[in-house]
Protein chains: 4
Amino acid sequence: MTIDKLKKAFMNNAVKSYLLEQELHKICNNWEKANKLAAEWRLELLEKSTDKKLSMIKNSYVSTAKLSRKGEQSVGIEQQIGGAVTPLALAGPLKISGEYAKGEFYIPIATNEAALVAGLQRGIKAVNAAGGINVVVTRDHMARAPLIECNDIAHAKKISKEIKEKGTLYNKMKIAAEAESKVSRLLDIQPFQQGRMVHLRFVFQTGDSMGMNSATKYSANALRILIEKYPDVKMISLTANMCSDKKASHINVLLGRGKSVETEIIIDAKTIKDIFGVGVGSVERLNYHKNYRGSALAGTISGFNANVANTIAAMFIATGQDAAQITESSSCFTSVETNNNNLHFNASFPCIELATTGGGADFGTAKECLEILGCYGPGKNPGDNVKKLAEIIAAAASCQDLNLLCAEANTYELADSHIRLARGENICSSRK
Amino acid sequence: MTIDKLKKAFMNNAVKSYLLEQELHKICNNWEKANKLAAEWRLELLEKSTDKKLSMIKNSYVSTAKLSRKGEQSVGIEQQIGGAVTPLALAGPLKISGEYAKGEFYIPIATNEAALVAGLQRGIKAVNAAGGINVVVTRDHMARAPLIECNDIAHAKKISKEIKEKGTLYNKMKIAAEAESKVSRLLDIQPFQQGRMVHLRFVFQTGDSMGMNSATKYSANALRILIEKYPDVKMISLTANMCSDKKASHINVLLGRGKSVETEIIIDAKTIKDIFGVGVGSVERLNYHKNYRGSALAGTISGFNANVANTIAAMFIATGQDAAQITESSSCFTSVETNNNNLHFNASFPCIELATTGGGADFGTAKECLEILGCYGPGKNPGDNVKKLAEIIAAAASCQDLNLLCAEANTYELADSHIRLARGENICSSRK
Amino acid sequence: MTIDKLKKAFMNNAVKSYLLEQELHKICNNWEKANKLAAEWRLELLEKSTDKKLSMIKNSYVSTAKLSRKGEQSVGIEQQIGGAVTPLALAGPLKISGEYAKGEFYIPIATNEAALVAGLQRGIKAVNAAGGINVVVTRDHMARAPLIECNDIAHAKKISKEIKEKGTLYNKMKIAAEAESKVSRLLDIQPFQQGRMVHLRFVFQTGDSMGMNSATKYSANALRILIEKYPDVKMISLTANMCSDKKASHINVLLGRGKSVETEIIIDAKTIKDIFGVGVGSVERLNYHKNYRGSALAGTISGFNANVANTIAAMFIATGQDAAQITESSSCFTSVETNNNNLHFNASFPCIELATTGGGADFGTAKECLEILGCYGPGKNPGDNVKKLAEIIAAAASCQDLNLLCAEANTYELADSHIRLARGENICSSRK
Amino acid sequence: MTIDKLKKAFMNNAVKSYLLEQELHKICNNWEKANKLAAEWRLELLEKSTDKKLSMIKNSYVSTAKLSRKGEQSVGIEQQIGGAVTPLALAGPLKISGEYAKGEFYIPIATNEAALVAGLQRGIKAVNAAGGINVVVTRDHMARAPLIECNDIAHAKKISKEIKEKGTLYNKMKIAAEAESKVSRLLDIQPFQQGRMVHLRFVFQTGDSMGMNSATKYSANALRILIEKYPDVKMISLTANMCSDKKASHINVLLGRGKSVETEIIIDAKTIKDIFGVGVGSVERLNYHKNYRGSALAGTISGFNANVANTIAAMFIATGQDAAQITESSSCFTSVETNNNNLHFNASFPCIELATTGGGADFGTAKECLEILGCYGPGKNPGDNVKKLAEIIAAAASCQDLNLLCAEANTYELADSHIRLARGENICSSRK
């Protein structure tokens with residue numbers, strides 16, 4: 001078979017799309033070439049069938065093979081046709097006092113939403129004027145929760161108790177869970193009984209990778225030990241949504257998943273007035289009515305903030321994170337209090353799920369964005385880089401939330417004067 | 001000032017980054033050139049300060065000015081440095097029977113998560129074998145909910161009642177809300193009283209745009225009418241989280257936001273067995289224990305599904321949506337029942353927020369992806385294109401969810417045999 | 001058969017307990033006597049089998065037959081043995097400015113919790129000193145939501161749409177729903193689609209009865225009309241938890257059930273200081289951290305208050321309400337703001353479910369408690385009495401919540417002085 | 001002062017109501033008499049002011065002094081006027097296989113809701129026919145969560161970490177927490193950080209008392225140790241809703257409060273058919289659509305059941321529990337699966353808060369009801385009696401839930417025949 005013949009066959013639908021890389025590799029023995037040609041051919045066929053030029057997709061092709069550390073069939077994606085480009089901006093520099101992120105950081109933001117970067121930049125201006133933002137990571141783990149079925153409720157209670165007591169069985173499971181890993185450490189197994197079913201929430205420290213794949217695999221390894229001892233126990237699923245992955249859920253808020261991060265800004269009233277034209281009392285009041293009273297009435301379990309999702313999403317896309325995890329990683333409790341004419345701002349992010357190595361972090365523009373932030377790849381100590389990234393993202397999202405609260409509170413103060421809504425249009429254009 | 005001098009000044013931090021495009025435009029009188037140079041200079045400065053090559057970011061630069069319909073300073077982003085590339089794949093074709101999407105569709109997927117496209121493709125295979133997927137859009141509106149403060153609880157009750165009764169005041173507010181728009185129509189104003197505060201949830205039909213910006217502006221216009229009549233009423237904020245935007249909240253589940261979409265697949269047991277190696281009873285049971293029992297125990301208000309967020313996120317990035325809205329757009333209730341040896345699959349998406357025109361939809365690879373799907377730009381009738389897109393995204397996410405449930409149920413059936421977890425590793429590698 | 005022989009048979013387990021009233025009535029032809037003897041015999045048998053004296057249960061027997069308007073077999077309970085007594089206290093008088101409750105009211109409180117009445121009395125003292133409490137009822141309806149199954153998602157959409165449009169079908173259903181009632185009026189039918197299923201939330205105004213029984217019956221009557229027109233539609237259940245009855249759920253918070261009530265108190269700082277020994281700023285701050293920040297972190301959907309459930313429960317038991325509805329009726333959002341040295345207190349009760357006629361309201365101590373409040377039986381205009389009761393209960397619960405917040409804030413202020421926890425024990429004893 | 005003079009003074013409002021017992025005791029030196037007279041006088045004054053006879057309240061007076069173990073001013077209530085009577089019935093006997101409740105139990109039910117006892121009795125019939133119900137208590141603790149304020153987020157992290165590590169500080173706090181108690185044991189202190197605030201959730205085993213008062217007091221004792229070491233730490237409140245008391249919240253579902261109880265019933269299809277006239281498949285399906293799909297759409301966090309609140313409330317009132325805790329104690333996840341033509345029923349109650357000693361459990365009809373159940377007072381081993389009571393209540397509530405699911409599923413099967421809703425009215429009358 002020659003390359004030309006293969007192409008012809010493919011264009012005539014005689015070769016399945018998902019086999020194309022492998023067929024090409026058989027001929028050219030070069031994964032990078034095989035991957036690139038496969039993408040081009042798919043796109044060519046698509047242009048024919050749709051009768052549209054798709055040159056921007058083509059020109060944005062990124063070889064995940066070349067850039068991966070393995071040099072093989074594309075990693076991270078199958079049936080590639082090219083790349084999807086999101087405009088990338090640079091905000092900052094932002095002064096951060098974290099345990100891992102210390103100093104001034106430029107913030108890469110991938111977005112197509114007008115005003116997002118401008119708003120963030122204004123928030124950063126205020127924060128820098130106040131001397132920067134403090135950040136700490138308070139929890140760090142990845143969770144996976146397989147579901148097992150026991151004989152009956154008494155059996156399920158017995159097994160749950162045995163695991164909770166951390167005796168021989170627990171220790172054997174821990175050894176099995178850690179056997180294949182150089183980095184991951186099992187921190188806990190938390191049983192949640194529902195009738196004769198038990199969700200076993202495995203909690204791992206997973207270094208600088210996001211950790212869900214390894215947590216799944218290592219949980220399965222530990223489960224084998226359990227089932228050897230209790231052959232009646234059936235494994236229902238390697239996960240039954242008690243992890244909880246890619247859903248906004250309260251268990252992640254309460255027990256954490258990924259990194260739990262706290263941020264803190266103290267700004268004097270004059271700075272707030274100068275930059276946002278608003279009094280600190282109005283900001284405090286708006287936070288109460290919007291982020292707590294309004295959110296509570298809206299029935300959220302995780303969204304007690306103004307709009308941190310904007311920054312979380314923009315930085316997740318910029319740094320190659322799993323974009324589906326924006327769903328729960330944007331959980332946030334924003335707090336504003338005034339004290340001695342200062343505004344105390346705090347944002348609590350219970351579950352930002354992140355990686356600086358593995359998956360999308362390893363190649364392309366994401367790798368470059370991580371390099372801009374000084375945290376590409378595994379950290380010196382496992383987890384150092386990813387915690388640094390968590391601190392930076394939480395810090396940036398906090399600046400954005402501060403900005404929006406102040407901008408919206410400004411609306412209120414205006415509204416309170418007799419001008420009221422006269423500037424309504426400008427208000428709108430300065431924010432989403 | 002020459003371009004060279006300006007560059008020098010910028011590189012010496014004598015020109016503010018956010019003013020660069022404007023300064024360049026003064027010299028060259030060409031927005032496209034000004035935008036591009038500004039991005040290059042910022043990146044050059046960044047490469048210096050970080051001592052890193054950032055060529056992929058540079059090469060992915062996309063001029064949002066050229067591609068926008070206005071040809072001016074970049075739209076959708078400020079302080080641009082280039083582009084962020086997410087690998088783009090093509091799944092499908094998927095047979096869809098919607099009211100707007102009819103026929104076979106190739107599905108663009110932007111992701112860096114291994115196995116996501118492969119899993120989706122397998123789900124599509126099963127669905128096509130069953131004759132395709134049915135889809136309907138059941139609700140279509142964008143909501144914005146300003147918060148007003150009345151004199152006291154009786155005053156707040158009176159105003160809420162007057163608006164609810166849809167008399168003169170409501171009609172005047174409706175006229176004001178619609179005055180500036182060619183497309184948007186006010187569907188309702190829903191008052192939610194909290195003490196002397198009232199959240200006024202404005203509900204608009206907004207054609208093919210996502211509609212949040214216009215909803216904000218038009219709500220403000222309507223509020224002016226209210227405040228003219230009741231000068232004591234104060235506007236606290238143009239939004240106080242009862243919209244509810246970029247948070248997972250139950251109000252969006254219950255009342256809808258963006259598009260509410262229902263999907264439906266009926267597959268016979270043999271097809272499921274052939275493709276997934278699993279019985280339909282196991283899939284039904286897993287859906288119950290995972291998507292309902294597990295999700296309920298995890299404390300979610302919106303995440304009663306396996307992993308629709310994966311597909312929602314991948315298609316949002318591919319088609320240029322507001323990525324922060326992945327948070328609530330991935331709300332989904334997946335249901336599986338068996339009946340006469342058939343598997344009935346249904347997924348309910350209460351609030352997918354989308355656009356086929358405006359923002360990121362207008363340019364670059366996103367525009368091309370929308371063209372692949374045959375729904376770029378405004379529809380023939382306002383809203384036709386965006387409802388078509390909603391149907392396609394919901395259909396694809398349903399295929400993905402079906403696939404994951406079947407794959408995980410397979411784990412269970414294996415677990416039930418004496419092989420049990422022997423294939424644990426394979427199970428893991430076939431999914432995230 | 002004589003009474004003696006029947007008793008002997010019963011004591012030898014030859015007569016089933018639940019048939020005892022009927023058998024006795026056959027002999028004595030007197031329901032009151034039959035009911036009372038049946039209760040005595042059951043208790044006598046129970047005393048034998050347990051070897052315990054149960055004289056207090058016996059002495060608390062209340063004939064629901066005699067006191068009901070029908071004079072027949074006990075209404076409201078089967079297999080009666082006597083009465084359960086909860087100690088009853090009287091707090092107040094409380095000054096209320098409602099739309100239905102105007103003036104000073106003594107508040108009957110059934111409880112066995114120490115300090116509850118004392119705390120309430122202190123709250124009332126503060127409220128009276130401030131001139132009383134304002135109250136309005138903002139919503140009034142009972143909901144019942146049968147679940148129907150349609151052929152497919154398109155069919156379900158069609159039927160939902162037809163009902164929403166309030167055309168011929170809706171009107172016929174409304175006529176059927178109201179046909180048997182002198183009082184109840186159908187306010188709306190709200191369809192919520194889930195796949196091919198539709199929850200039809202029927203919303204009734206039900207006069208002074210709680211309304212759930214009638215809402216169930218009248219919904220069924222209306223459903224017959226729907227099924228006549230669409231014979232393919234199957235009724236799955238007369239309720240499928242979208243009502244939502246006897247569960248704390250967000251739909252009741254958002255859309256209301258029973259009575260939605262708002263209360264409002266404005267108290268100057270000096271009064272708060274004199275009575276509670278605390279500054280208004282501390283009370284405002286505690287409300288924020290406890291009732292919003294704390295409640296949000298705890299993952300509640302309805303419990304943004306200090307302890308209104310205490311008063312709700314105590315008055316439900318006193319006035320013969322359905323005690324299971326304490327679950328959702330204690331939903332409450334308490335708010336505290338300070339303004340010009342005044343404390344503005346507001347409590348929003350979205351769903352207090354009540355009756356002043358029917359069920360337990362009709363007899364015994366409950367009837368007397370309703371008479372104390374001046375709202376026993378049907379109101380002059382349907383609903384007047386029950387709305388008056390709703391206003392009083394919400395007002396009393398607000399006084400209790402104000403008291404607890406102030407008492408706990410006092411803890412804080414003390415804690416802030418160098419005495420700190422020295423008075424810890426007293427703090428505990430003054431509250432639960 | 002004589003009794004007559006005191007009465008006169010009181011009737012002329014010259015003596016404050018809440019001081020009446022003390023004034024009377026000064027004269028007669030007999031608490032029982034003082035309490036009784038005080039209640040009578042209050043009622044007499046009330047009869048005058050309302051012009052109503054309140055004889056049933058008067059006749060239901062119960063002296064909590066005489067019946068308490070202390071013989072002093074009324075315990076559990078202030079400003080008493082008499083008693084509130086709820087009709088009391090006896091259901092059962094119910095066969096229970098618990099760890100503490102073993103054998104057949106008669107179930108005291110205090111209610112005024114028609115059909116509740118009849119429905120429960122039918123559920124019991126089915127359960128007994130199946131050989132009874134299995135029950136286990138899986139968690140047993142009372143939680144109290146004071147809120148402390150630290151200097152900043154780093155300080156809050158440090159203190160949280162130190163407590164979590166269970167070193168010297170934790171041990172000293174534990175000793176202080178247990179110092180005054182003969183029974184209570186501190187099981188854990190769980191820190192939940194929010195900015196510079198930390199909720200410290202103290203978890204106690206509290207024997208047979210409900211434990212909230214002691215948990216509050218002992219938490220305060222432990223906090224003193226913390227504040228001695230860290231004088232900068234401020235105590236904001238002895239509770240800030242992370243306990244979480246008298247609100248339906250997810251933290252109680254996830255981590256438990258009071259007793260977590262699991263129940264289990266296995267019934268063959270024939271028994272279900274004979275008693276309820278329905279197939280087990282219909283019951284399973286209704287549980288899915290009602291208790292999970294419907295409840296999820298309704299936005300509950302704790303109410304995934306049919307109507308356990310009915311039984312919880314009825315038994316709480318009968319046995320003298322804190323009725324406000326019905327709110328969260330009625331949290332329940334009911335599950336139905338069919339297997340080999342058997343119906344497997346399970347109900348999980350995460351947080352039933354109970355006592356068999358202290359408060360309302362100590363006297364009156366409540367004490368008698370506890371004696372009927374064989375669990376009045378402290379258990380042989382601390383906690384034995386209260387766990388027995390928890391098992392019985394959970395078992396009874398399970399029977400009730402099984403009954404309602406089967407009754408409503410019957411509606412469905414009828415609806416499926418051509419008779420459909422013809423029996424609608426009967427359906428209604430057989431249930432609430």
# chains A, B, ... in the order shown; residues from 1 in each chain; ligands from 1
>>> residues_around(residues="Asp152 of chain A", least_positions_apart="4", cutoff="8 Å", atoms="only C-alpha atoms", output="list in words")
Ala156, Gly195 and Arg196 of chain A; Glu264 of chain D
>>> write_last_selection(atoms="N, CA, C and O atoms", output="PDB file, in the first residue's frame")
ATOM      1  N   ALA A 156     -22.621  -4.775  54.973  1.00  0.00           N
ATOM      2  CA  ALA A 156     -22.095  -3.480  54.516  1.00  0.00           C
ATOM      3  C   ALA A 156     -21.580  -2.659  55.698  1.00  0.00           C
ATOM      4  O   ALA A 156     -20.545  -1.987  55.609  1.00  0.00           O
ATOM      5  N   GLY A 195     -27.743   1.462  52.222  1.00  0.00           N
ATOM      6  CA  GLY A 195     -28.296   0.115  52.213  1.00  0.00           C
ATOM      7  C   GLY A 195     -27.180  -0.906  52.227  1.00  0.00           C
ATOM      8  O   GLY A 195     -26.236  -0.812  53.013  1.00  0.00           O
ATOM      9  N   ARG A 196     -27.260  -1.882  51.328  1.00  0.00           N
ATOM     10  CA  ARG A 196     -26.164  -2.861  51.292  1.00  0.00           C
ATOM     11  C   ARG A 196     -25.038  -2.420  50.362  1.00  0.00           C
ATOM     12  O   ARG A 196     -24.081  -3.155  50.139  1.00  0.00           O
TER      13      ARG A 196
ATOM     14  N   GLU D 264     -33.947  -2.715  56.016  1.00  0.00           N
ATOM     15  CA  GLU D 264     -33.921  -3.639  54.869  1.00  0.00           C
ATOM     16  C   GLU D 264     -35.097  -4.598  54.968  1.00  0.00           C
ATOM     17  O   GLU D 264     -35.306  -5.214  56.017  1.00  0.00           O
TER      18      GLU D 264
END
>>> residues_around(residues="Ser237 of chain C", least_positions_apart="6", cutoff="10 Å", atoms="only C-alpha atoms", output="PDB file with C-alpha atoms, in the first residue's frame")
ATOM      1  CA  ALA C 145     -48.035  17.265  40.990  1.00  0.00           C
ATOM      2  CA  PRO C 146     -49.161  14.029  39.357  1.00  0.00           C
ATOM      3  CA  LEU C 147     -46.720  12.374  36.961  1.00  0.00           C
ATOM      4  CA  ILE C 148     -47.835  11.323  33.499  1.00  0.00           C
ATOM      5  CA  GLU C 149     -46.030   9.278  30.874  1.00  0.00           C
ATOM      6  CA  HIS C 199     -44.893  16.384  36.177  1.00  0.00           C
ATOM      7  CA  ALA C 220     -57.157  13.508  39.531  1.00  0.00           C
TER       8      ALA C 220
ATOM      9  CA  LEU D 286     -42.300   4.361  40.892  1.00  0.00           C
ATOM     10  CA  HIS D 289     -39.406   8.178  39.074  1.00  0.00           C
ATOM     11  CA  LYS D 290     -40.788   9.596  42.307  1.00  0.00           C
ATOM     12  CA  LEU D 405     -45.050   3.442  47.338  1.00  0.00           C
ATOM     13  CA  ALA D 407     -50.409   2.236  47.118  1.00  0.00           C
ATOM     14  CA  GLU D 408     -49.312   4.840  44.621  1.00  0.00           C
ATOM     15  CA  ALA D 409     -47.911   2.224  42.259  1.00  0.00           C
ATOM     16  CA  ASN D 410     -51.321   0.609  42.398  1.00  0.00           C
ATOM     17  CA  THR D 411     -52.751   3.859  41.084  1.00  0.00           C
ATOM     18  CA  TYR D 412     -50.386   3.482  38.185  1.00  0.00           C
ATOM     19  CA  GLU D 413     -51.322  -0.073  37.347  1.00  0.00           C
ATOM     20  CA  ALA D 415     -54.282   3.800  35.306  1.00  0.00           C
TER      21      ALA D 415
END
>>> interface_residues(of="chain C", to="chain A", cutoff="12 Å", atoms="only C-alpha atoms", output="MDAnalysis selection string")
chainID C and resid 249:256 281 284:305 331:339 346:350
>>> residues_around(residues="Val127 of chain C", least_positions_apart="6", cutoff="9 Å", atoms="only C-alpha atoms", output="number ranges by chain")
C: 94-95, 133, 265-267, 399, 402
>>> residues_around(residues="segment 20-27 of chain D", least_positions_apart="6", cutoff="6 Å", atoms="only C-alpha atoms", output="list in words")
Ala34, Asn35 and Ala38 of chain D
>>> write_last_selection(atoms="all heavy atoms", output="PDB file, in the first residue's frame")
ATOM      1  N   ALA D  34     -47.261  25.246  93.032  1.00  0.00           N
ATOM      2  CA  ALA D  34     -46.974  26.547  92.420  1.00  0.00           C
ATOM      3  C   ALA D  34     -47.121  26.472  90.899  1.00  0.00           C
ATOM      4  O   ALA D  34     -47.745  27.330  90.260  1.00  0.00           O
ATOM      5  CB  ALA D  34     -45.566  26.994  92.805  1.00  0.00           C
ATOM      6  N   ASN D  35     -46.557  25.435  90.329  1.00  0.00           N
ATOM      7  CA  ASN D  35     -46.645  25.281  88.872  1.00  0.00           C
ATOM      8  C   ASN D  35     -48.082  25.171  88.404  1.00  0.00           C
ATOM      9  O   ASN D  35     -48.495  25.784  87.422  1.00  0.00           O
ATOM     10  CB  ASN D  35     -45.878  24.025  88.421  1.00  0.00           C
ATOM     11  CG  ASN D  35     -44.376  24.160  88.628  1.00  0.00           C
ATOM     12  OD1 ASN D  35     -43.856  25.277  88.725  1.00  0.00           O
ATOM     13  ND2 ASN D  35     -43.684  23.038  88.705  1.00  0.00           N
ATOM     14  N   ALA D  38     -50.084  28.418  88.837  1.00  0.00           N
ATOM     15  CA  ALA D  38     -49.639  29.419  87.857  1.00  0.00           C
ATOM     16  C   ALA D  38     -50.297  29.152  86.508  1.00  0.00           C
ATOM     17  O   ALA D  38     -50.801  30.065  85.829  1.00  0.00           O
ATOM     18  CB  ALA D  38     -48.117  29.402  87.737  1.00  0.00           C
TER      19      ALA D  38
END
>>> closest_residue(among="C:Lys53, C:Leu343, C:Lys388, C:Pro108", to="Ser282 of chain C", atoms="only C-alpha atoms")
C:Leu343
>>> select_by_dssp(residues="segment 180-269 of chain D", states="strand (DSSP E or B)", output="ChimeraX atom specification")
/D:185-194,197-205,234-237,249,258-268
>>> atom_distance(atom1="atom CA of Ala395 of chain B", atom2="atom CA of Ile96 of chain B")
7.2 Å
>>> residues_around(residues="segment 351-359 of chain A", least_positions_apart="6", cutoff="6 Å", atoms="only C-alpha atoms", output="short mmCIF file (atom, residue, chain, number, x, y, z; two decimals) with N, CA, C and O atoms, in the first residue's frame")
data_model
loop_
_atom_site.label_atom_id
_atom_site.label_comp_id
_atom_site.auth_asym_id
_atom_site.auth_seq_id
_atom_site.Cartn_x
_atom_site.Cartn_y
_atom_site.Cartn_z
N ASP A 208 1.96 16.23 40.90
CA ASP A 208 1.60 17.37 40.05
C ASP A 208 0.64 17.00 38.93
O ASP A 208 0.32 17.85 38.10
N SER A 209 0.24 15.76 38.88
CA SER A 209 -0.77 15.39 37.88
C SER A 209 -2.16 15.58 38.49
O SER A 209 -2.31 15.64 39.71
N MET A 210 -3.16 15.70 37.62
CA MET A 210 -4.53 15.90 38.13
C MET A 210 -4.96 14.67 38.92
O MET A 210 -5.65 14.79 39.92
N GLY A 256 -13.54 18.62 49.87
CA GLY A 256 -12.46 19.01 48.98
C GLY A 256 -12.20 17.98 47.90
O GLY A 256 -12.53 16.79 48.03
N ARG A 257 -11.66 18.44 46.79
CA ARG A 257 -11.19 17.58 45.69
C ARG A 257 -10.25 18.44 44.87
O ARG A 257 -10.53 19.61 44.64
N GLY A 258 -9.16 17.87 44.37
CA GLY A 258 -8.14 18.73 43.78
C GLY A 258 -7.54 19.58 44.89
O GLY A 258 -7.23 19.07 45.98
N LYS A 259 -7.43 20.89 44.63
CA LYS A 259 -6.83 21.76 45.65
C LYS A 259 -7.91 22.65 46.26
O LYS A 259 -8.70 23.25 45.54
N SER A 260 -7.93 22.75 47.58
CA SER A 260 -8.74 23.76 48.26
C SER A 260 -7.85 24.97 48.50
O SER A 260 -6.77 24.83 49.08
N SER A 329 -14.73 23.01 39.48
CA SER A 329 -13.58 23.81 39.93
C SER A 329 -13.96 25.27 40.12
O SER A 329 -13.26 26.02 40.81
N TYR A 376 5.66 24.65 34.81
CA TYR A 376 5.44 23.52 33.90
C TYR A 376 6.09 22.25 34.45
O TYR A 376 7.20 22.30 34.98
N GLY A 377 5.42 21.14 34.30
CA GLY A 377 5.99 19.84 34.65
C GLY A 377 5.91 19.51 36.12
O GLY A 377 5.26 20.21 36.90
N PRO A 378 6.55 18.41 36.51
CA PRO A 378 6.52 18.00 37.92
C PRO A 378 7.32 18.97 38.76
O PRO A 378 8.34 19.51 38.31
N VAL A 386 1.95 22.14 40.96
CA VAL A 386 0.51 22.21 40.79
C VAL A 386 -0.12 23.08 41.88
O VAL A 386 -1.12 23.78 41.64
#
>>> closest_residue(among="A:Glu180, A:Asp245, A:Glu40, A:Glu165", to="Thr327 of chain A", atoms="only C-alpha atoms")
A:Asp245
>>> closest_residue(among="B:Ala318, B:Met235, B:Val136, B:Met142", to="Ala215 of chain B", atoms="only C-alpha atoms")
B:Met142
>>> residues_around(residues="Leu404 of chain A", least_positions_apart="4", cutoff="10 Å", atoms="only C-alpha atoms", output="PyMOL selection string")
chain A and resi 116+119-120+122-123+276+283+306-308+398-400+408-410+430-432
>>> residues_around(residues="Pro93 of chain D", least_positions_apart="6", cutoff="10 Å", atoms="only C-alpha atoms", output="PyMOL selection string")
chain D and resi 103-107+121+124-125+128
>>> atom_distance(atom1="atom CA of Arg201 of chain D", atom2="atom CA of Thr239 of chain D")
9.1 Å
>>> closest_residue(among="A:Thr263, A:Gln79, A:Thr216, A:Asn29", to="Ile153 of chain D", atoms="only C-alpha atoms")
A:Thr263
>>> decode(residues="segment 292-303 of chain C", atoms="N, CA and C atoms", output="tab-separated table (two decimals), in the first residue's frame")
chain	number	residue	atom	x	y	z
C	292	TYR	N	-25.82	32.65	56.56
C	292	TYR	CA	-25.51	32.56	55.13
C	292	TYR	C	-24.21	31.81	54.87
C	293	ARG	N	-23.08	32.29	55.41
C	293	ARG	CA	-21.83	31.60	55.15
C	293	ARG	C	-21.85	30.18	55.73
C	294	GLY	N	-22.26	30.06	56.96
C	294	GLY	CA	-22.30	28.75	57.59
C	294	GLY	C	-23.33	27.82	56.94
C	295	SER	N	-24.53	28.35	56.73
C	295	SER	CA	-25.58	27.52	56.12
C	295	SER	C	-25.18	27.09	54.71
C	296	ALA	N	-24.57	27.99	53.95
C	296	ALA	CA	-24.15	27.64	52.59
C	296	ALA	C	-23.13	26.52	52.63
C	297	LEU	N	-22.17	26.62	53.54
C	297	LEU	CA	-21.14	25.59	53.64
C	297	LEU	C	-21.74	24.26	54.11
C	298	ALA	N	-22.78	24.34	54.92
C	298	ALA	CA	-23.45	23.13	55.41
C	298	ALA	C	-24.28	22.45	54.32
C	299	GLY	N	-24.50	23.16	53.22
C	299	GLY	CA	-25.22	22.53	52.12
C	299	GLY	C	-26.71	22.47	52.31
C	300	THR	N	-27.29	23.54	52.83
C	300	THR	CA	-28.74	23.56	52.94
C	300	THR	C	-29.33	24.25	51.71
C	301	ILE	N	-30.58	23.99	51.45
C	301	ILE	CA	-31.27	24.59	50.32
C	301	ILE	C	-32.41	25.47	50.84
C	302	SER	N	-32.66	25.41	52.12
C	302	SER	CA	-33.83	26.08	52.68
C	302	SER	C	-33.60	26.64	54.08
C	303	GLY	N	-32.49	26.31	54.70
C	303	GLY	CA	-32.31	26.65	56.11
C	303	GLY	C	-31.32	27.77	56.36
